[in-house]
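S.K.: One structure is given below, represented as structure tokens, and several questions about it will come after.
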Number of protein chains: 2
Amino acid sequence: MSKQLDAIMRPKSIAVVGASTKEHTIGSDIMKRLQEYKFNGNIYPVNPKGGVIEGIQSYTNITEIPGDVDLAIIIIPAKFVLSTLDECNEKGIKGICVISAGFKEAGEKGAQMEKELAAKLKEYGMRCVGPNCLGVVNTHPDIRMDGCFAETLPERGNIGFVSQSGALGGGILNILKDLNLGFAQFISIGNQADINAETAMEYWENDSDVEQILLYMESIQNPSNFRELATRISKNKPILALKAGRSAAGASAASSHTGSLAGADKAANALLAQSGVIREYSLKNLFSTAKVFANCPIPKGDRVAIITNSGGPGIMATDAICESGMQIAQISDQTREKLISFLPAAASVKNPIDMIASAPIEHYKQTLETVIADENVDMIITIYLPFLGLKDIDVAKALMEIKKAHPEKPVIGVFMTKSEFFTEISNMEVNMPFFMYAEEAAEGLKRLNEQRLWVERPEGKIPSYNVDKEKAAKIIKQSLAENRAQLTTLESIDILEAYGIRACKYGLATNEEEVAKLGNEIGYPVVMKMTSKTTSHKTDVGGVRVNIQSEEQLRAEYQDLIEKLTEKNLIEGLEGVIIQEMVKGSREMVCGIATDPQYGPMMMFGLGGVFIEVLKDVTFRIAPLTDVDADEMIKSVKSYELLKGARGTKPAQIDQIQETLLRLSQLVSDFSFIDELDINPLLISEKTGEGIAVDGRIKVRLEEAKEALGGCSCSCDCCSC
Amino acid sequence: MSKQLDAIMRPKSIAVVGASTKEHTIGSDIMKRLQEYKFNGNIYPVNPKGGVIEGIQSYTNITEIPGDVDLAIIIIPAKFVLSTLDECNEKGIKGICVISAGFKEAGEKGAQMEKELAAKLKEYGMRCVGPNCLGVVNTHPDIRMDGCFAETLPERGNIGFVSQSGALGGGILNILKDLNLGFAQFISIGNQADINAETAMEYWENDSDVEQILLYMESIQNPSNFRELATRISKNKPILALKAGRSAAGASAASSHTGSLAGADKAANALLAQSGVIREYSLKNLFSTAKVFANCPIPKGDRVAIITNSGGPGIMATDAICESGMQIAQISDQTREKLISFLPAAASVKNPIDMIASAPIEHYKQTLETVIADENVDMIITIYLPFLGLKDIDVAKALMEIKKAHPEKPVIGVFMTKSEFFTEISNMEVNMPFFMYAEEAAEGLKRLNEQRLWVERPEGKIPSYNVDKEKAAKIIKQSLAENRAQLTTLESIDILEAYGIRACKYGLATNEEEVAKLGNEIGYPVVMKMTSKTTSHKTDVGGVRVNIQSEEQLRAEYQDLIEKLTEKNLIEGLEGVIIQEMVKGSREMVCGIATDPQYGPMMMFGLGGVFIEVLKDVTFRIAPLTDVDADEMIKSVKSYELLKGARGTKPAQIDQIQETLLRLSQLVSDFSFIDELDINPLLISEKTGEGIAVDGRIKVRLEEAKEALGGCSCSCDCCSC
């Protein structure tokens, strides 16, 4: 894998097919950039008209080029690209970058051409960036390839950057320098006919030149592959992603709670969180975070010290640190004494450490050095506000000098000064990030802390439980035989039980005598619930009766239900009523499965009952879940506090709830055609603390289910289907 | 009022007391700034040593100055300030600005001096900015006063800016120019011995030179005065505030839910929201918003059009607009047709309008002009990404040209280009704000929209209900007579009823026979609740028994309670049990009163029951509430959806709940010593939709209550107390 992309990212020679002498064209700009940036190899312009282009004799055809060619950058009109690939193949070229537009993005004809392009790449064993892209860059001194038509020459740094939008990628390259952000490699993936973000991540995994990965994505091509790669790579290299198109996802037409609360962006969010990818919601934040990772080690903890020469920004930094969930460090006595020894009496040696406005450079240096040495401090924000006669850039240099000698802890400078300072800084080599505002620094430290927590997080495993898969399959087949995508409550609960999920005791009755018999067997109080093939929201039609205390009451409720349903013309689909043990508990949780068209099955957990869709205290993860995922899901909702046993309630069995989620995950792994599943409520028993499925609803994708279960949809035991 | 501050903000002559020839001192800098900025009046340096300072002959004493002096800027050591005031008085000076530090901020002695200073100001009828401040600025061409020692000369604009932190204020002045933000007047209020943010706001209310007001505050001096002023002024001039010190508020030791969920920052937040002040949480956002208000009219609606030359930023802008609660405008057919007539076929004429990368300046102009004219569009974001041969500054100028001819709608430019562009822009006169990122533009439009909603918001009034104030007073007195700050449940509910708040039917019983009698009177099912002078969280000790169906069960529960309390040694404080009608309803809300030491009584409303402190779906407003405040409170919590009648429940009587809040507000206005009050739950009756107080707890501040209720704390009817 690694080697395959070398032809593109580490070429020894490049053919520019469509090189041009015409100013302000891409064919001219690419030639200029390659030369200006001093590409470390041969450049062969190719143009059917021949002639000298940017001082180099061009070739009318690739095949005429005398030496070996690693990479062909193709800029000619789309219709000529396919035949050019044939020539590239003839010449033995393995690396391709198609800048030309006019493919998938340009309609049906272009899409067809892109298919043919992909087929040819496969046939010829080529790797390709594009089409419809901005190009590729590698700033390594041995390579120095600017194969890109952005305005600015690239700045050297440690970032591997993938952009799905070409124009945006160009815009970004233009501003990175201003932000003091260099990069190692840049790939504008364009239409992703071959190489995509995942390919790039894998390529950079063992490339020591790339220390952090930045992604601008509008879609994720293969979510499960992305998850696997990102989970692994992010343990060693931070991955920051801006995933745009959040609001584009239309309202879901799902019929379940889980489904209606899901939606594509929830899925993307879950996937990124599970994979250790730091998600940013604006380019501004993406770059700020990258700047912090480029210049800071991962901290050992979350205790932050603030050094300032002005009270106001110290307060603002404290606010921001606290609101980011980090701690204001408790400065040690030793540190405090040392600070007192050289700072003036008016200074405050509590955190924030206020050296007062007149603090000279020497105080900045001594204070930073003293605070870095404090074992109670993991990260530091140093604030500078202009003071008469003290130059911002001198203060910055002094701080960097101390930082150089103590690289072990993250230090961020907040310099509330003129933009000239930042311009000056952007032309210097720095070893710490500088921001204008305290909030930006706090945000950066928060990200460092998140990466620390991710690196420390155990990998987790996907457990496999002993379940009665056959029984579940048989129940589903029965439903398929009747062409029902929506399983009945009874079937749903039976499947949950087959998968070892604790559901409350129950039985189905279809007439009054059976009802009474079941009630007596289970023992009062009981709950009676209708189960119907046509009505799914039972509560809305009065189909749920709770706290039935006696046989007499049970009979009366049953008679009343039948009467009501007859009145409402809903008696037709009635399958019977479920008589259920009445589980006592005031805490109603919910868990379930929804299916995202792109990301596949995703799991939900959170607060259930009437609050579900109002309070939306739920969380999502893509299936399959690891034990760590399940644990995080439970702990990440606000109502986890309720589970822990707030205000005298019995603490819930967190392990058992975790297992419930994992067993559900196994269920949807075994039967991937399950489209939606709701356990609502998963009632927390006040007696045992168990989470008990009191109600369940499962819906499958009919055609897919039929196919998966062997084409045969009978429910017999005699055949092997 | 207006006239009073003129001596400081519009002086015709200034004495600089403490003017100095020594470089890099404040006494030298102030002299320089006044002259460099070309103050439009006489400058009189005063220094006991005499001599020429910055080219002007100085005076050894203020009284020697020949002409009239409006403003004295005082920079001498704190200990000489008081006597200088005497001399100022002798000279007839009415405007003072004390830059000198060493007052309240420097300990007890300084605080004493500040008190004397305040007394002198009053005695002499002077107005004063400071002490411990940075100075004052007025950029009006007729005045041109830079009486401030920031590094940069001020830039002219329409902002009135108040900073509580001196150093920070200086930092801010330094960067405002970079941000292309000018201001009209600046007041560094320092220790606020006299003039504070409120004084400044009032001064600027009718000053046409100030079109928006920016506040950096660490505290609010007189919350109710602030509220009155801000509510009125913000209807005409946007007020933006950064209130720092959010996390500084320690954990509250309150015993009620309302109290424990409150806290100083909630109070500040409530106050600002009620007063129409736009609260920002970072200086960065404060300035961004100011930049938008400086260059945009208030829109007529919330429909945003996006014009772009690149898809990616268009998507990001869409995301940001939707997440800010605004709408993506539906472009009219007419506009679409017109756009199609000149844009290339590859362009997208849906919103976002993607003119594609190669869009020339002419397309920018035509598109913006066409979209401004569309009646379906209220606000516009125009995005530019660098494209070969197109200069960013030219595009910006073209946009501003169109904007000039159509000033009626807000237009923001998002230019994802080099920082040189922003430097260039900052030296130009602009008529629209420019940002680097789409999210910044969306944030700005969101603020404009908030201001629109505030201006449209009815003023509201504080109603006065017929209540039985005497009865309430009598009940409280009874508690005071026993030295109880915490009223019993019974007393609390009686007070609520006296104020016309719907509480459920109840009675107090102190023995089993009374219990049974009451139960039979009220009718089953009933609830039994202990009421105790020593135990406040009844549920935790098993003191609440619900759904009691019969006299037999009621007697059994009562016996059991007495037994349990005896076991736990809690029988002592038992006052009896309340037998209550059992209101059926699944929706438990909460409302209450908490007292903030600085902001006074504040009201809470939200989701009650076990969820209160876990889900924190509550909102706060400072009392007294207007009807509009109460309405907004109800509608601003997530659980409002539950009140509307989600999933087949009965819609709650919103008006009645609103009245409940307003009656509570009246209660705390009448008895301002009420420290905490909880109605939890305020149960929504499934039968009527009413909010019914099922439980109530009131706590008073004992000493204050005794004083307020006339010193006498007896509960007799015979005296007039």
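Each chain of the structure tokens is named A, B, ... in the order shown, its residues numbered from 1; ligands are numbered from 1 in display order.
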At a cut-off of 6 Å, can you tabulate as a tab-separated table every residue of chain A near chain B together with its closest atom pair and the distance in Å to one decimal, using only C-alpha atoms and ordering rows by chain then number?
M.R.:
```
residue	atom	partner	partner_atom	distance
A:Ser165	CA	B:Gly312	CA	5.9
A:Gly171	CA	B:Leu385	CA	5.8
A:Ile175	CA	B:Lys418	CA	5.2
A:Ala244	CA	B:Met316	CA	5.8
A:Gly245	CA	B:Ile315	CA	5.7
A:Arg246	CA	B:Asp319	CA	5.8
A:Ser247	CA	B:Asp319	CA	5.1
A:Gly312	CA	B:Ser165	CA	5.9
A:Ile315	CA	B:Gly245	CA	5.7
A:Met316	CA	B:Ala244	CA	5.8
A:Asp319	CA	B:Ser247	CA	5.1
A:Leu385	CA	B:Gly171	CA	5.8
A:Met416	CA	B:Gly171	CA	5.9
A:Lys418	CA	B:Ile175	CA	5.2
```
S.K.: Kindly export the residues of the current selection with C-alpha atoms, as a PDB file, in the first residue's frame.
M.R.:
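result_26.pdb written:
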```
ATOM      1  CA  SER A 165     -13.445  20.230  -2.104  1.00  0.00           C
ATOM      2  CA  GLY A 171      -8.479  28.648  -0.415  1.00  0.00           C
ATOM      3  CA  ILE A 175      -4.376  31.044   4.295  1.00  0.00           C
ATOM      4  CA  ALA A 244     -19.586  19.499   6.203  1.00  0.00           C
ATOM      5  CA  GLY A 245     -23.156  19.007   5.023  1.00  0.00           C
ATOM      6  CA  ARG A 246     -24.617  18.535   8.483  1.00  0.00           C
ATOM      7  CA  SER A 247     -27.877  20.263   7.777  1.00  0.00           C
ATOM      8  CA  GLY A 312      -9.535  40.575  32.996  1.00  0.00           C
ATOM      9  CA  ILE A 315     -10.772  35.730  34.460  1.00  0.00           C
ATOM     10  CA  MET A 316     -11.836  35.057  30.900  1.00  0.00           C
ATOM     11  CA  ASP A 319     -14.117  30.874  32.578  1.00  0.00           C
ATOM     12  CA  LEU A 385      -1.411  42.515  27.266  1.00  0.00           C
ATOM     13  CA  MET A 416      -3.957  40.464  22.971  1.00  0.00           C
ATOM     14  CA  LYS A 418      -1.892  44.080  17.188  1.00  0.00           C
TER      15      LYS A 418
END
```
S.K.: Using DSSP on the backbone coordinates, identify the residues of range 40-284 of chain B assigned to strand (DSSP E or B); present them as a ChimeraX atom specification.
M.R.: /B:42-46,52-53,56-57,59,71-74,95-98,127-129,135-138,145-148,156-163,183-188,212-217,239-243,277-280
S.K.: Any idea what's packed within 8 Å of Gly157 in chain B, counting only C-alpha atoms, ignoring anything in its chain fewer than 6 positions away? Could you give it as a VMD selection string?
M.R.: chain B and resid 139 181 to 184 294
S.K.: Measure the distance from CA of Lys517 in chain B to CA of Leu554 in chain B in Å and round it to one decimal.
M.R.: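 These two atoms are separated by 10.3 Å.
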S.K.: List the neighbours of Arg127 in chain A out to 8 Å using only C-alpha atoms; skip same-chain residues closer than 2 positions along the sequence, and give me the result as a short mmCIF file (atom, residue, chain, number, x, y, z; two decimals) with C-alpha atoms, in the first residue's frame.
M.R.:
```cif
data_model
loop_
_atom_site.label_atom_id
_atom_site.label_comp_id
_atom_site.auth_asym_id
_atom_site.auth_seq_id
_atom_site.Cartn_x
_atom_site.Cartn_y
_atom_site.Cartn_z
CA GLN A 4 1.79 2.22 -4.32
CA LEU A 5 1.18 5.85 -3.44
CA ILE A 8 2.22 10.00 -6.72
CA LYS A 94 1.88 4.08 -12.18
CA GLY A 95 0.99 7.40 -10.56
CA ILE A 96 -1.80 9.59 -11.94
CA LEU A 121 -6.86 2.36 -13.42
CA GLY A 125 -2.57 -1.24 -11.83
CA VAL A 129 -5.78 11.22 -7.32
CA ASP A 194 -9.53 5.80 -6.65
CA ILE A 195 -7.74 7.52 -3.77
#
```
S.K.: Please provide the set of residues having any atom within 10 Å of Ile353 in chain B, restricted to only C-alpha atoms, with same-chain residues fewer than 4 positions apart removed, written as an mmCIF file with C-alpha atoms, in the first residue's frame.
M.R.:
```cif
data_model
loop_
_atom_site.group_PDB
_atom_site.id
_atom_site.type_symbol
_atom_site.label_atom_id
_atom_site.label_comp_id
_atom_site.auth_asym_id
_atom_site.auth_seq_id
_atom_site.Cartn_x
_atom_site.Cartn_y
_atom_site.Cartn_z
ATOM 1 C CA ALA B 305 -29.344 33.828 0.919
ATOM 2 C CA ILE B 306 -25.831 32.560 0.262
ATOM 3 C CA ILE B 307 -23.869 33.600 -2.823
ATOM 4 C CA THR B 308 -20.630 31.715 -3.430
ATOM 5 C CA ASN B 309 -18.021 30.800 -6.018
ATOM 6 C CA SER B 310 -17.262 27.464 -4.332
ATOM 7 C CA GLY B 311 -19.454 24.617 -3.120
ATOM 8 C CA GLY B 314 -21.580 27.264 0.645
ATOM 9 C CA ILE B 331 -35.153 32.193 -3.871
ATOM 10 C CA ARG B 336 -33.875 32.340 -10.383
ATOM 11 C CA LEU B 339 -29.734 34.506 -12.440
ATOM 12 C CA ALA B 347 -23.911 27.381 -11.859
ATOM 13 C CA SER B 348 -26.513 26.478 -9.268
ATOM 14 C CA VAL B 349 -29.298 29.025 -8.888
ATOM 15 C CA THR B 367 -25.891 38.252 -8.544
ATOM 16 C CA VAL B 371 -30.583 38.686 -4.743
ATOM 17 C CA THR B 382 -21.422 36.544 -0.128
#
```
S.K.: What does the distance between CA of Glu205 in chain A and CA of Ile233 in chain A come to in Å, to one decimal place?
M.R.: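 Going from CA of Glu205 in chain A over to CA of Ile233 in chain A covers 6.0 Å.
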S.K.: When you draw a straight line from CA of Ser550 in chain A to CA of Ala509 in chain A, how long is it in Å?
M.R.: 16.3 Å
S.K.: Could you pull the residues within 8 Å of Ala101 in chain A, counting only C-alpha atoms, minus those fewer than 3 positions along the same chain, as a PyMOL selection string?
M.R.: chain A and resi 77-78+105-106+131-133
S.K.: Kindly export the residues of the current selection with C-alpha atoms, as a PDB file, in the first residue's frame.
M.R.:
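The result, stored in selection-v2.pdb:
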```pdb
ATOM      1  CA  PRO A  77     -10.166  18.204 -21.286  1.00  0.00           C
ATOM      2  CA  ALA A  78     -12.054  15.250 -19.817  1.00  0.00           C
ATOM      3  CA  GLU A 105     -19.734  16.098 -10.952  1.00  0.00           C
ATOM      4  CA  ALA A 106     -20.846  17.083 -14.468  1.00  0.00           C
ATOM      5  CA  PRO A 131     -10.405  13.598 -11.180  1.00  0.00           C
ATOM      6  CA  ASN A 132     -11.752  17.137 -10.612  1.00  0.00           C
ATOM      7  CA  CYS A 133      -9.143  18.071  -8.064  1.00  0.00           C
TER       8      CYS A 133
END
```
S.K.: Could you write out, as a PyMOL selection string, all the residues of range 290-399 of chain B that DSSP marks as alpha helix (DSSP H)?
M.R.: chain B and resi 290-295+311-323+333-342+361-372+392-399
S.K.: Excluding Tyr59 in chain A and its own-chain neighbours fewer than 3 positions away, which residues fall within 12 Å of it when counting only C-alpha atoms? Please give them as an MDAnalysis selection string.
M.R.: chainID A and resid 15:20 43:53 56 62:66
S.K.: Which residue, A:Met355, A:Cys128, A:Ala200, A:Met432, has the smallest gap to Lys291 in chain A when you use only C-alpha atoms?
M.R.: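 Closest residue, counting only C-alpha atoms: A:Met432.
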S.K.: Counting only C-alpha atoms, figure out which residue out of A:Met589, A:Ala398, A:Met530, A:Met603 gets nearest to Leu561 in chain A.
M.R.: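 Among the listed residues, A:Met530 lies closest to Leu561 in chain A.
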S.K.: Counting only C-alpha atoms, which residue out of B:Glu704, B:Glu116, B:Asp670, B:Glu581 sits closest to Ser685 in chain B?
M.R.: B:Glu581
